[in-house]
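Below is one structure, written out as structure tokens; comments come after it.
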Amino acid sequence: MITERIEIDDLEAIMIRILRKVDVTAANTRDIAWVFKVMTLRGVGHHDIGDFPRLVTNIRDRTFNPRPNIKTIVSKKAMAVMDADNAPGTLAAFRMTQKAIQKADKYGIGIVSMRNSNHYLGSAPYSLLAAKHDMLAISMSNTVASMAAHGSKDRAIGNNPWGFAVNTGAGFPLLMDICNAYASHGKLNDYMINNRNIPREWGLDQFGENTTDPSKVMRGGVSLPMAEHKGFGISIMMEILTSILSGGAFTENIKMNSQEGNGHSQAAIVINIKYFLPMEAFEIRTKEMIALLKNHSPLEPGKPVLLPGERSSESSKKINKEGLLLRKKTVDDLNQLLDELSVKVR
């Protein structure tokens with residue numbers, strides 16, 4: 001039985017045991033569990049272990065293919081197009097990133113797109129996977145239409161999450177993992193569960209009016225793109241790089257958890273730093289850049305300038321040292337799975 005406090009490595013081992021019980025291969029269980037571990041270590045509170053039970057349910061009922069034949073459809077020098085065969089998005093994006101890393105190792109850059117996939121949680125694990133190879137990665141996904149086109153009140157396009165990661169000489173990797181709406185679905189859900197108001201610019205209700213009630217955005221309303229036309233434009237770019245180039249479904253044609261080949265599409269762009277300069281020089285230069293960026297007076301005393309990836313790095317260190325505190329719902333969901341699948345914790 002799982003309790004609310006658990007070691008992150010123990011949680012990873014439990015995820016692997018659960019996935020094996022629903023007919024996922026040993027190699028694939030390892031990689032899916034690693035993705036969930038990395039997302040959980042960020043300490044954000046959503047798009048993490050809390051989503052794992054739903055993934056298992058989708059695999060168990062064959063909404064996702066437990067043993068997908070992930071194929072490379074096109075491969076020409078630094079680029080490739082892949083088909084996920086309705087794999088869990090966490091697995092498909094992991095394999096896509098591996099392919100992009102291989103391309104970047106040979107050509108200096110690798111650009112790979114993936115179609116017929118599913119929700120991939122967030123960009124962080126895949127870009128950090130490339131960072132482990134001393135490469136810079138940009139990872140992205142399209143998703144179901146949940147965000148308005150700028151100037152519209154209709155759900156027109158996904159918030160299309162994306163981000164990047166790269167190692168630095170400052171003791172932590174630069175890491176950004178965002179979507180193009182003011183708030184992700186997970187963040188809106190957190191606000192709704194905790195009865196918190198949202199800023200009015202985050203979304204519209206069913207009547208096309210700005211609202212501070214997250215439930216009105218989630219239920220019949222629509223998220224708004226961050227920075228208005230800017231976020232909308234970036235989502236379009238993500239759509240082109242993921243679905244248009246891969247031959248996958250786009251915008252309102254994307255279906256969540258579809259078995260018809262019109263699910264999510266993803267893309268990875270991986271750059272081999274060593275093709276530009278030695279990694280040691282890159283680390284020195286990034287350390288200097290970070291020092292300059294942080295050497296500015298904070299607006300509030302005691303709250304220094306933070307760079308993308310700093311909080312995630314600190315969260316990861318804390319969880320690895322002290323263990324992870326799970327939400328009660330996550331504990332209950334995981335224990336239910338353990339019971340249903342006859343999985344022993346130890």
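Every chain in the structure tokens has a letter given in the order shown (A, B, ...), and although residue numbers restart at 1 in each chain, ligands are simply numbered from 1 in the order shown.
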
Report the closest atom pair, with its distance in Å rounded to one decimal, for each residue of segment 84-143 of chain A that has an atom no farther than 8 Å from segment 256-264 of chain A; count only C-alpha atoms, sort by chain and then rising residue number, and write it as a Markdown table.
| residue | atom | partner | partner_atom | distance |
| --- | --- | --- | --- | --- |
| A:Asp85 | CA | A:Gly261 | CA | 7.7 |
| A:Asn86 | CA | A:Gln259 | CA | 6.4 |
| A:Gly89 | CA | A:His264 | CA | 7.8 |
| A:Arg115 | CA | A:His264 | CA | 6.5 |
| A:Asn116 | CA | A:Gly261 | CA | 4.9 |
| A:Ser117 | CA | A:His264 | CA | 4.9 |
| A:Asn118 | CA | A:His264 | CA | 4.9 |
| A:His119 | CA | A:His264 | CA | 6.4 |
| A:Ser141 | CA | A:His264 | CA | 7.0 |
| A:Asn142 | CA | A:His264 | CA | 5.9 |
| A:Thr143 | CA | A:His264 | CA | 5.6 |

(Q) With DSSP run on the backbone, what are the strand (DSSP E or B) residues within segment 28-257 of chain A? I'd like them as a VMD selection string. (A) chain A and resid 71 to 76 79 to 83 109 to 117 135 to 141 147 to 148 155 to 157 162 to 166 174 to 178 181 203 to 204 210 222 to 223 225

May I have the selected residues written with N, CA and C atoms, as a short mmCIF file (atom, residue, chain, number, x, y, z; two decimals), in the first residue's frame?
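File written: selection.cif
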data_model
loop_
_atom_site.label_atom_id
_atom_site.label_comp_id
_atom_site.auth_asym_id
_atom_site.auth_seq_id
_atom_site.Cartn_x
_atom_site.Cartn_y
_atom_site.Cartn_z
N LYS A 71 7.05 3.57 -35.82
CA LYS A 71 7.82 3.44 -37.05
C LYS A 71 8.37 4.78 -37.55
N THR A 72 9.49 4.73 -38.22
CA THR A 72 10.02 5.88 -38.95
C THR A 72 9.48 5.80 -40.38
N ILE A 73 8.70 6.79 -40.77
CA ILE A 73 8.07 6.81 -42.08
C ILE A 73 8.99 7.43 -43.13
N VAL A 74 9.66 8.50 -42.75
CA VAL A 74 10.60 9.20 -43.64
C VAL A 74 11.86 9.49 -42.85
N SER A 75 13.01 9.26 -43.43
CA SER A 75 14.28 9.62 -42.79
C SER A 75 15.25 10.10 -43.86
N LYS A 76 15.58 11.40 -43.80
CA LYS A 76 16.50 12.00 -44.75
C LYS A 76 17.47 12.90 -43.99
N MET A 79 16.51 14.98 -40.73
CA MET A 79 15.09 15.01 -40.40
C MET A 79 14.46 13.62 -40.49
N ALA A 80 13.32 13.49 -39.81
CA ALA A 80 12.56 12.25 -39.87
C ALA A 80 11.11 12.52 -39.52
N VAL A 81 10.23 11.68 -40.05
CA VAL A 81 8.82 11.67 -39.68
C VAL A 81 8.52 10.29 -39.12
N MET A 82 7.82 10.23 -37.99
CA MET A 82 7.52 8.97 -37.35
C MET A 82 6.02 8.81 -37.13
N ASP A 83 5.58 7.58 -36.97
CA ASP A 83 4.19 7.28 -36.64
C ASP A 83 4.16 6.49 -35.34
N ILE A 109 22.32 18.61 -36.03
CA ILE A 109 20.95 18.98 -35.69
C ILE A 109 20.04 17.82 -36.09
N GLY A 110 18.99 17.61 -35.33
CA GLY A 110 18.00 16.60 -35.65
C GLY A 110 16.61 17.20 -35.50
N ILE A 111 15.77 17.03 -36.51
CA ILE A 111 14.40 17.54 -36.48
C ILE A 111 13.47 16.36 -36.80
N VAL A 112 12.66 15.97 -35.84
CA VAL A 112 11.80 14.80 -35.98
C VAL A 112 10.38 15.17 -35.58
N SER A 113 9.42 14.77 -36.40
CA SER A 113 8.01 14.96 -36.06
C SER A 113 7.33 13.61 -35.92
N MET A 114 6.30 13.56 -35.09
CA MET A 114 5.60 12.31 -34.76
C MET A 114 4.10 12.52 -34.89
N ARG A 115 3.42 11.59 -35.57
CA ARG A 115 1.96 11.66 -35.69
C ARG A 115 1.34 10.44 -34.99
N ASN A 116 0.00 10.49 -34.86
CA ASN A 116 -0.75 9.37 -34.30
C ASN A 116 -0.29 9.04 -32.89
N SER A 117 -0.09 10.09 -32.10
CA SER A 117 0.36 9.95 -30.72
C SER A 117 -0.77 10.36 -29.77
N MET A 135 23.20 18.43 -25.40
CA MET A 135 22.55 19.03 -26.55
C MET A 135 21.44 19.97 -26.07
N LEU A 136 21.07 20.87 -26.93
CA LEU A 136 19.95 21.78 -26.65
C LEU A 136 18.74 21.26 -27.41
N ALA A 137 17.61 21.14 -26.72
CA ALA A 137 16.42 20.59 -27.36
C ALA A 137 15.23 21.52 -27.20
N ILE A 138 14.42 21.57 -28.24
CA ILE A 138 13.12 22.22 -28.21
C ILE A 138 12.09 21.14 -28.49
N SER A 139 11.16 20.96 -27.55
CA SER A 139 10.15 19.92 -27.67
C SER A 139 8.77 20.55 -27.70
N MET A 140 7.86 19.97 -28.48
CA MET A 140 6.53 20.59 -28.61
C MET A 140 5.49 19.56 -28.97
N SER A 141 4.23 19.89 -28.71
CA SER A 141 3.11 19.02 -29.06
C SER A 141 1.91 19.89 -29.41
N MET A 147 -8.28 26.43 -26.94
CA MET A 147 -7.90 27.84 -26.85
C MET A 147 -8.52 28.61 -28.01
N ALA A 148 -8.89 29.83 -27.73
CA ALA A 148 -9.49 30.67 -28.76
C ALA A 148 -8.45 31.16 -29.76
N ARG A 155 -13.40 27.67 -29.44
CA ARG A 155 -12.24 26.79 -29.25
C ARG A 155 -11.70 26.43 -30.63
N ALA A 156 -10.56 27.01 -30.98
CA ALA A 156 -10.07 26.92 -32.35
C ALA A 156 -8.79 26.11 -32.48
N ILE A 157 -7.95 26.14 -31.45
CA ILE A 157 -6.61 25.54 -31.56
C ILE A 157 -6.17 25.11 -30.17
N TRP A 162 5.08 23.56 -25.24
CA TRP A 162 6.43 23.46 -25.78
C TRP A 162 7.43 23.96 -24.75
N GLY A 163 8.68 23.76 -25.03
CA GLY A 163 9.71 24.26 -24.12
C GLY A 163 11.09 23.86 -24.61
N PHE A 164 12.09 24.21 -23.83
CA PHE A 164 13.47 23.87 -24.20
C PHE A 164 14.26 23.56 -22.94
N ALA A 165 15.39 22.90 -23.13
CA ALA A 165 16.31 22.66 -22.02
C ALA A 165 17.73 22.59 -22.55
N VAL A 166 18.67 23.02 -21.71
CA VAL A 166 20.09 22.90 -22.05
C VAL A 166 20.88 23.00 -20.75
N LEU A 174 19.01 25.27 -17.83
CA LEU A 174 17.91 26.15 -18.22
C LEU A 174 16.79 25.25 -18.74
N LEU A 175 15.58 25.48 -18.25
CA LEU A 175 14.46 24.61 -18.59
C LEU A 175 13.18 25.44 -18.63
N MET A 176 12.53 25.42 -19.76
CA MET A 176 11.23 26.07 -19.88
C MET A 176 10.22 25.06 -20.38
N ASP A 177 9.05 25.02 -19.76
CA ASP A 177 7.99 24.09 -20.12
C ASP A 177 6.68 24.86 -19.98
N ILE A 178 6.12 25.30 -21.10
CA ILE A 178 4.94 26.16 -21.03
C ILE A 178 3.92 25.74 -22.09
N ALA A 181 -1.44 29.21 -23.81
CA ALA A 181 -2.53 29.91 -23.13
C ALA A 181 -1.96 30.56 -21.87
N GLY A 203 -9.36 33.66 -19.52
CA GLY A 203 -10.36 32.92 -20.27
C GLY A 203 -11.71 33.58 -20.35
N LEU A 204 -12.56 33.00 -21.20
CA LEU A 204 -13.92 33.48 -21.41
C LEU A 204 -14.92 32.43 -20.94
N ASN A 210 -15.13 37.73 -20.40
CA ASN A 210 -14.03 37.43 -19.49
C ASN A 210 -14.59 37.05 -18.12
N VAL A 222 -13.64 29.06 -22.81
CA VAL A 222 -12.46 28.86 -23.63
C VAL A 222 -11.26 29.59 -23.02
N SER A 223 -10.10 28.96 -23.09
CA SER A 223 -8.86 29.61 -22.65
C SER A 223 -8.44 30.65 -23.68
N PRO A 225 -5.22 32.88 -25.51
CA PRO A 225 -3.78 32.78 -25.75
C PRO A 225 -3.03 33.84 -24.95
#

Q) Hey, what does DSSP flag as alpha helix (DSSP H) within segment 66-189 of chain A? Can you give it to me as a PyMOL selection string? A) chain A and resi 89-107+124-131+185-189

Q) Of the candidates A:Asp134, A:Asp31, A:Glu252, A:Asp9, which one gets nearest to Ala92 of chain A if we count only C-alpha atoms? A) A:Asp31

**Q.** Nearest candidate to Pro173 of chain A (options A:Ile273, A:Ala104, A:Ser127, A:His229; using only C-alpha atoms)
**A.**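 Looking only at the distances to Pro173 of chain A, the closest residue turns out to be A:Ser127.
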
Q: For Gly220 of chain A, list every protein, DNA or RNA residue within 12 Å, evaluated using only C-alpha atoms, and leave out those in the same chain fewer than 2 positions away; present the list as number ranges by chain.
A: A: 146-147, 153-155, 203-209, 213-218, 222-223

Q) So, counting only C-alpha atoms, which residue among A:Lys294, A:Lys103, A:Lys344, A:Lys321 is closest to Ile271 of chain A? A)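 Among A:Lys294, A:Lys103, A:Lys344, A:Lys321, it is A:Lys103 that comes nearest to Ile271 of chain A.
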
Could you build a table of the residues in segment 29-64 of chain A lying no more than 8 Å from segment 10-19 of chain A, giving for each the nearest pair of atoms and their separation in Å rounded to one decimal place, using only C-alpha atoms, ordered by chain and ascending residue number, as a Markdown table?
| residue | atom | partner | partner_atom | distance |
| --- | --- | --- | --- | --- |
| A:Thr29 | CA | A:Ile16 | CA | 5.3 |
| A:Arg30 | CA | A:Ile16 | CA | 6.2 |
| A:Ala33 | CA | A:Glu12 | CA | 5.8 |
| A:Trp34 | CA | A:Glu12 | CA | 7.0 |
| A:Lys37 | CA | A:Glu12 | CA | 6.3 |
| A:Val56 | CA | A:Leu19 | CA | 6.9 |

Q. Between atom CA of Val331 of chain A and atom CA of Leu41 of chain A, what is the spacing in Å?
A.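 Result for atom CA of Leu41 of chain A versus atom CA of Val331 of chain A: 16.6 Å, one decimal.
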
**Q.** From A:Ala78, A:Ile70, A:Ala131, A:Ala100, residue lying nearest Met279 of chain A [only C-alpha atoms]
**A.**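 Among the listed residues, the smallest separation from Met279 of chain A belongs to A:Ala131.
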
Q: Would you mind reading off the distance between atom CA of Ile101 of chain A and atom CA of Thr251 of chain A, one decimal, in Å?
A: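 Between atom CA of Ile101 of chain A and atom CA of Thr251 of chain A the gap is 27.8 Å.
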
Q: Kindly indicate which residue among A:Asn335, A:Gln98, A:Leu341, A:Arg196 lies nearest to Ile2 of chain A, using only C-alpha atoms for the distances.
A: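 Of A:Asn335, A:Gln98, A:Leu341, A:Arg196, the one nearest Ile2 of chain A is A:Asn335, counting only C-alpha atoms.
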
**Q.** Coordinates-based distance that separates atom CA of Pro88 of chain A from atom CA of Arg54 of chain A (Å, one decimal)
**A.**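 Atom-to-atom, atom CA of Arg54 of chain A and atom CA of Pro88 of chain A are spaced 11.1 Å apart.
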
Write out as a compact mmCIF listing (two decimals) with N, CA and C atoms, in the first residue's frame each polymer residue whose atoms come within 9 Å of Leu326 of chain A, counting only C-alpha atoms; drop sequence neighbours fewer than 6 positions from it.
# COMPACT_ATOMS: atom_id res chain seq x y z
N THR A 3 1.65 5.17 0.73
CA THR A 3 1.26 6.24 1.64
C THR A 3 1.56 7.59 0.99
N GLU A 4 1.17 8.66 1.66
CA GLU A 4 1.31 9.99 1.06
C GLU A 4 2.77 10.39 0.89
N ARG A 5 3.65 9.92 1.74
CA ARG A 5 5.08 10.23 1.63
C ARG A 5 5.79 9.02 1.03
N ILE A 6 6.52 9.24 -0.07
CA ILE A 6 7.17 8.12 -0.76
C ILE A 6 8.46 8.60 -1.40
N ILE A 49 2.64 12.66 -11.72
CA ILE A 49 2.19 11.36 -11.24
C ILE A 49 0.67 11.32 -11.08
N GLY A 50 0.04 12.45 -10.86
CA GLY A 50 -1.41 12.48 -10.73
C GLY A 50 -2.13 12.03 -11.99

Q: Check the smallest atom-to-atom distance from each of A:Asn197, A:Asn189, A:Thr63, A:Gln266 to Phe94 of chain A using only C-alpha atoms, then report the winner.
A: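 Looking at the shortest contact to Phe94 of chain A, the residue is A:Gln266.
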
Q. Do you know which residues are at most 12 Å from Thr57 of chain A counting only C-alpha atoms, after dropping those on the same chain fewer than 4 positions away, and could you put them as a list in words?
A.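 Non-adjacent residues within range: Ile18, Leu19, Lys21, Val22, Asp51, Phe52, Pro53, Asp61, Arg62, Thr63, Phe64, Asn65, Pro66, Pro88, Asn257, Asp333, Leu334, Gln336, Leu337, Glu340 and Leu341 of chain A.
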
Any chance you could export the current selection's N, CA and C atoms as a PDB file, in the first residue's frame?
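Contents of the output file part24.pdb:
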ATOM      1  N   ILE A  18       3.318  -1.652 -12.335  1.00  0.00           N
ATOM      2  CA  ILE A  18       1.941  -1.475 -12.794  1.00  0.00           C
ATOM      3  C   ILE A  18       1.867  -1.576 -14.314  1.00  0.00           C
ATOM      4  N   LEU A  19       2.776  -0.906 -15.003  1.00  0.00           N
ATOM      5  CA  LEU A  19       2.755  -0.919 -16.473  1.00  0.00           C
ATOM      6  C   LEU A  19       3.001  -2.317 -17.029  1.00  0.00           C
ATOM      7  N   LYS A  21       1.997  -4.985 -15.733  1.00  0.00           N
ATOM      8  CA  LYS A  21       0.760  -5.730 -15.531  1.00  0.00           C
ATOM      9  C   LYS A  21      -0.280  -5.454 -16.617  1.00  0.00           C
ATOM     10  N   VAL A  22      -0.137  -4.330 -17.321  1.00  0.00           N
ATOM     11  CA  VAL A  22      -1.104  -4.010 -18.382  1.00  0.00           C
ATOM     12  C   VAL A  22      -0.477  -4.214 -19.759  1.00  0.00           C
ATOM     13  N   ASP A  51      -1.443  12.120 -13.151  1.00  0.00           N
ATOM     14  CA  ASP A  51      -2.028  11.691 -14.418  1.00  0.00           C
ATOM     15  C   ASP A  51      -1.727  10.221 -14.738  1.00  0.00           C
ATOM     16  N   PHE A  52      -0.886   9.592 -13.938  1.00  0.00           N
ATOM     17  CA  PHE A  52      -0.474   8.224 -14.244  1.00  0.00           C
ATOM     18  C   PHE A  52      -1.626   7.216 -14.189  1.00  0.00           C
ATOM     19  N   PRO A  53      -2.492   7.253 -13.179  1.00  0.00           N
ATOM     20  CA  PRO A  53      -3.595   6.283 -13.164  1.00  0.00           C
ATOM     21  C   PRO A  53      -4.476   6.354 -14.413  1.00  0.00           C
ATOM     22  N   ASP A  61      -7.631  -0.470 -21.114  1.00  0.00           N
ATOM     23  CA  ASP A  61      -8.833  -0.649 -21.932  1.00  0.00           C
ATOM     24  C   ASP A  61      -8.551  -0.542 -23.429  1.00  0.00           C
ATOM     25  N   ARG A  62      -7.248  -0.466 -23.772  1.00  0.00           N
ATOM     26  CA  ARG A  62      -6.782  -0.438 -25.165  1.00  0.00           C
ATOM     27  C   ARG A  62      -7.166   0.847 -25.902  1.00  0.00           C
ATOM     28  N   THR A  63      -7.485   1.899 -25.162  1.00  0.00           N
ATOM     29  CA  THR A  63      -7.600   3.211 -25.797  1.00  0.00           C
ATOM     30  C   THR A  63      -6.241   3.603 -26.368  1.00  0.00           C
ATOM     31  N   PHE A  64      -5.164   3.294 -25.623  1.00  0.00           N
ATOM     32  CA  PHE A  64      -3.797   3.417 -26.120  1.00  0.00           C
ATOM     33  C   PHE A  64      -3.287   2.020 -26.443  1.00  0.00           C
ATOM     34  N   ASN A  65      -2.412   1.945 -27.418  1.00  0.00           N
ATOM     35  CA  ASN A  65      -1.824   0.675 -27.818  1.00  0.00           C
ATOM     36  C   ASN A  65      -0.728   0.290 -26.815  1.00  0.00           C
ATOM     37  N   PRO A  66      -0.887  -0.819 -26.081  1.00  0.00           N
ATOM     38  CA  PRO A  66       0.124  -1.191 -25.088  1.00  0.00           C
ATOM     39  C   PRO A  66       1.436  -1.662 -25.706  1.00  0.00           C
ATOM     40  N   PRO A  88       1.086   5.485 -26.079  1.00  0.00           N
ATOM     41  CA  PRO A  88       1.012   6.556 -25.084  1.00  0.00           C
ATOM     42  C   PRO A  88       1.913   7.706 -25.516  1.00  0.00           C
ATOM     43  N   ASN A 257      -7.414  10.924 -27.051  1.00  0.00           N
ATOM     44  CA  ASN A 257      -7.472   9.477 -26.859  1.00  0.00           C
ATOM     45  C   ASN A 257      -8.196   8.785 -28.010  1.00  0.00           C
ATOM     46  N   ASP A 333      -5.959   6.662  -5.927  1.00  0.00           N
ATOM     47  CA  ASP A 333      -6.002   6.128  -7.298  1.00  0.00           C
ATOM     48  C   ASP A 333      -4.928   5.065  -7.514  1.00  0.00           C
ATOM     49  N   LEU A 334      -3.712   5.340  -7.005  1.00  0.00           N
ATOM     50  CA  LEU A 334      -2.623   4.378  -7.164  1.00  0.00           C
ATOM     51  C   LEU A 334      -2.889   3.099  -6.377  1.00  0.00           C
ATOM     52  N   GLN A 336      -5.759   1.878  -5.601  1.00  0.00           N
ATOM     53  CA  GLN A 336      -6.818   1.149  -6.294  1.00  0.00           C
ATOM     54  C   GLN A 336      -6.243   0.331  -7.445  1.00  0.00           C
ATOM     55  N   LEU A 337      -5.313   0.943  -8.192  1.00  0.00           N
ATOM     56  CA  LEU A 337      -4.655   0.217  -9.275  1.00  0.00           C
ATOM     57  C   LEU A 337      -3.856  -0.976  -8.745  1.00  0.00           C
ATOM     58  N   GLU A 340      -6.371  -3.674  -7.914  1.00  0.00           N
ATOM     59  CA  GLU A 340      -7.019  -4.269  -9.087  1.00  0.00           C
ATOM     60  C   GLU A 340      -6.068  -5.141  -9.897  1.00  0.00           C
ATOM     61  N   LEU A 341      -4.806  -4.736  -9.956  1.00  0.00           N
ATOM     62  CA  LEU A 341      -3.827  -5.450 -10.769  1.00  0.00           C
ATOM     63  C   LEU A 341      -2.993  -6.440  -9.964  1.00  0.00           C
TER      64      LEU A 341
END

Q: Name the residues in contact with segment 285-287 of chain A at a cut-off of 6 Å, using only C-alpha atoms, excluding same-chain residues fewer than 3 positions from it; report them as a ChimeraX atom specification.
A: /A:168-170,282,290

Q | Shell of 8 Å around Asn180 of chain A, only C-alpha atoms, local chain residues under 2 positions omitted, as a list of chain:residue names | A |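 Neighbouring residues, sequence-local ones excluded: A:Asn159, A:Asn160, A:Pro161, A:Ile178, A:Tyr182, A:Ala183, A:Pro225, A:Met226, A:Gly231, A:Phe232, A:Ile234, A:Ser235.
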
Keeping only C-alpha atoms, write the selected residues to a file as a compact mmCIF listing (two decimals), in the first residue's frame.
# COMPACT_ATOMS: atom_id res chain seq x y z
CA ASN A 159 -2.63 25.59 -26.27
CA ASN A 160 0.16 23.52 -27.87
CA PRO A 161 2.74 23.06 -25.08
CA ILE A 178 4.94 26.16 -21.03
CA TYR A 182 -2.30 32.03 -20.02
CA ALA A 183 -2.90 28.84 -18.04
CA PRO A 225 -3.78 32.78 -25.75
CA MET A 226 -1.05 34.38 -23.67
CA GLY A 231 0.48 33.27 -28.03
CA PHE A 232 -1.93 32.53 -30.88
CA ILE A 234 3.20 30.63 -31.47
CA SER A 235 0.48 27.97 -31.29
